[in-house]
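Report on the structure given below.
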Amino acid sequence: MNKKTNSNYKVYLPNRAKEIVQEENEYKYSEIESSKSPAYLSINIKAMSINIFKDILSRYNLKLSSKLLELGGGYGYLSSYIKTIKPKTNITYSDPSEDAVKKSDQFEDFYGVKIDNKIVCAAENLPFNNNEFPTIIMFSSFHHVQDPQRACNEISRVLSNNGKLLLIYEPSTPQVFAQKYKKHVERSGVEEKFYSIKQYRRFLKNAGLNSQIHFYTSPNFRWKKSSTIYYSLLSLLPKFVCRFVPCSVVIVASKIAV
């Protein structure tokens, strides 16, 4: 078990998988994303993600509770932003990369906020009590977890009864398109997985979570021109078509009260 305390964050990584090491190196040696790189470079990049988050909150009327946990939060830009719009919210933010968590200071300084708790941990091993959080957020990070069922089980454990898990802006694709989709969106050096709607539902159901899935077809704020064109066309089609082709999704999963 790797467990230590920094003045600014805590580390809990009982199983440092090779994929976590890969992602750690992706941050540590990036000219843009490293904790040692200038703040303005990463702040500029994440402006698009913040706009996507704002659009999704409004579009699907998603509510954030007064206490929440963000898993796979990268360098804390989203938790820092949430703190600006809901300053009284108690936010615990985490990521398996210690270098990413170190970089969160830059976003706190930029927004003029302080995140309440910072933890270096993986979604498959959460150092939290049962039923602790009424809201858990993962923004485009669930497809990075190495054991999705174990992650869902852990999330369900720490989610309070009737609490909400928000999987926001996740990639989804029928398995027949998985390899081509992977080539289109995967980052070099970072292991990512891509799931079908059926797989998402199974992971969540097995963990005792009911799920509602929204197909996010907005062409705005897409990273590539080809994606903007693709979603512009997809947004014109009936929503049921999205079940059979690659599409970004927003999943709201509720813990069944026992």
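Residues are referred to by chain and number: the chain letter is A, B, ... according to the order shown in the structure tokens, the number counts from 1 in that chain, and ligands are numbered separately from 1 in the order shown.
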
Test item, alpha helix (DSSP H) assignment across range 5-251 of chain A, answer as a ChimeraX atom specification: /A:18-28,39-59,77-85,98-111,148-158,178-185,197-206,225-234

Any idea what's packed within 10 Å of range 137-139 of chain A, counting only C-alpha atoms, ignoring anything in its chain fewer than 3 positions away? Could you give it as a list in words?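 My reading of the contact set: Ser49, Ile52, Phe53, Leu64, Leu68, Leu69, Glu70, Leu71, Gly72, Gly73, Gly74, Leu78, Ser79, Tyr93, Ala123, Phe142, His143, Lys164, Leu165, Leu166, Leu167, Ile168, Tyr169, Glu170, Val250, Ile251 and Val252 of chain A.
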
Could those selected residues go to a file with C-alpha atoms, as a PDB file, in the first residue's frame?
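Output below, filename selection_15.pdb:
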ATOM      1  CA  SER A  49     -14.139  21.268 -21.319  1.00  0.00           C
ATOM      2  CA  ILE A  52     -19.051  21.430 -22.369  1.00  0.00           C
ATOM      3  CA  PHE A  53     -19.719  20.882 -18.662  1.00  0.00           C
ATOM      4  CA  LEU A  64     -24.992  19.331  -7.764  1.00  0.00           C
ATOM      5  CA  LEU A  68     -19.604  15.866  -3.884  1.00  0.00           C
ATOM      6  CA  LEU A  69     -16.726  13.703  -5.018  1.00  0.00           C
ATOM      7  CA  GLU A  70     -14.971  14.062  -8.368  1.00  0.00           C
ATOM      8  CA  LEU A  71     -13.126  10.962  -9.568  1.00  0.00           C
ATOM      9  CA  GLY A  72     -10.491  11.060 -12.299  1.00  0.00           C
ATOM     10  CA  GLY A  73     -10.455  14.845 -12.096  1.00  0.00           C
ATOM     11  CA  GLY A  74      -7.136  15.334 -13.876  1.00  0.00           C
ATOM     12  CA  LEU A  78     -13.537  21.099 -13.004  1.00  0.00           C
ATOM     13  CA  SER A  79     -13.602  20.941  -9.200  1.00  0.00           C
ATOM     14  CA  TYR A  93     -11.345  15.817  -5.828  1.00  0.00           C
ATOM     15  CA  ALA A 123     -11.700   4.640  -8.718  1.00  0.00           C
ATOM     16  CA  PHE A 142     -14.707   6.572 -16.635  1.00  0.00           C
ATOM     17  CA  HIS A 143     -13.253   5.105 -19.836  1.00  0.00           C
ATOM     18  CA  LYS A 164     -26.380  10.284  -8.024  1.00  0.00           C
ATOM     19  CA  LEU A 165     -23.397   9.233 -10.100  1.00  0.00           C
ATOM     20  CA  LEU A 166     -22.881  11.558 -13.071  1.00  0.00           C
ATOM     21  CA  LEU A 167     -20.807  10.095 -15.891  1.00  0.00           C
ATOM     22  CA  ILE A 168     -20.444  13.158 -18.085  1.00  0.00           C
ATOM     23  CA  TYR A 169     -19.230  13.326 -21.677  1.00  0.00           C
ATOM     24  CA  GLU A 170     -18.223   9.686 -21.925  1.00  0.00           C
ATOM     25  CA  VAL A 250     -24.246  11.542 -20.271  1.00  0.00           C
ATOM     26  CA  ILE A 251     -25.257   8.886 -17.745  1.00  0.00           C
ATOM     27  CA  VAL A 252     -27.164   9.649 -14.554  1.00  0.00           C
TER      28      VAL A 252
END

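In terms of minimum interatomic distance to Ile82 in chain A, A:Phe107 ranks closest within A:Phe107, A:Phe240, A:Tyr60, A:Phe194, counting only C-alpha atoms.
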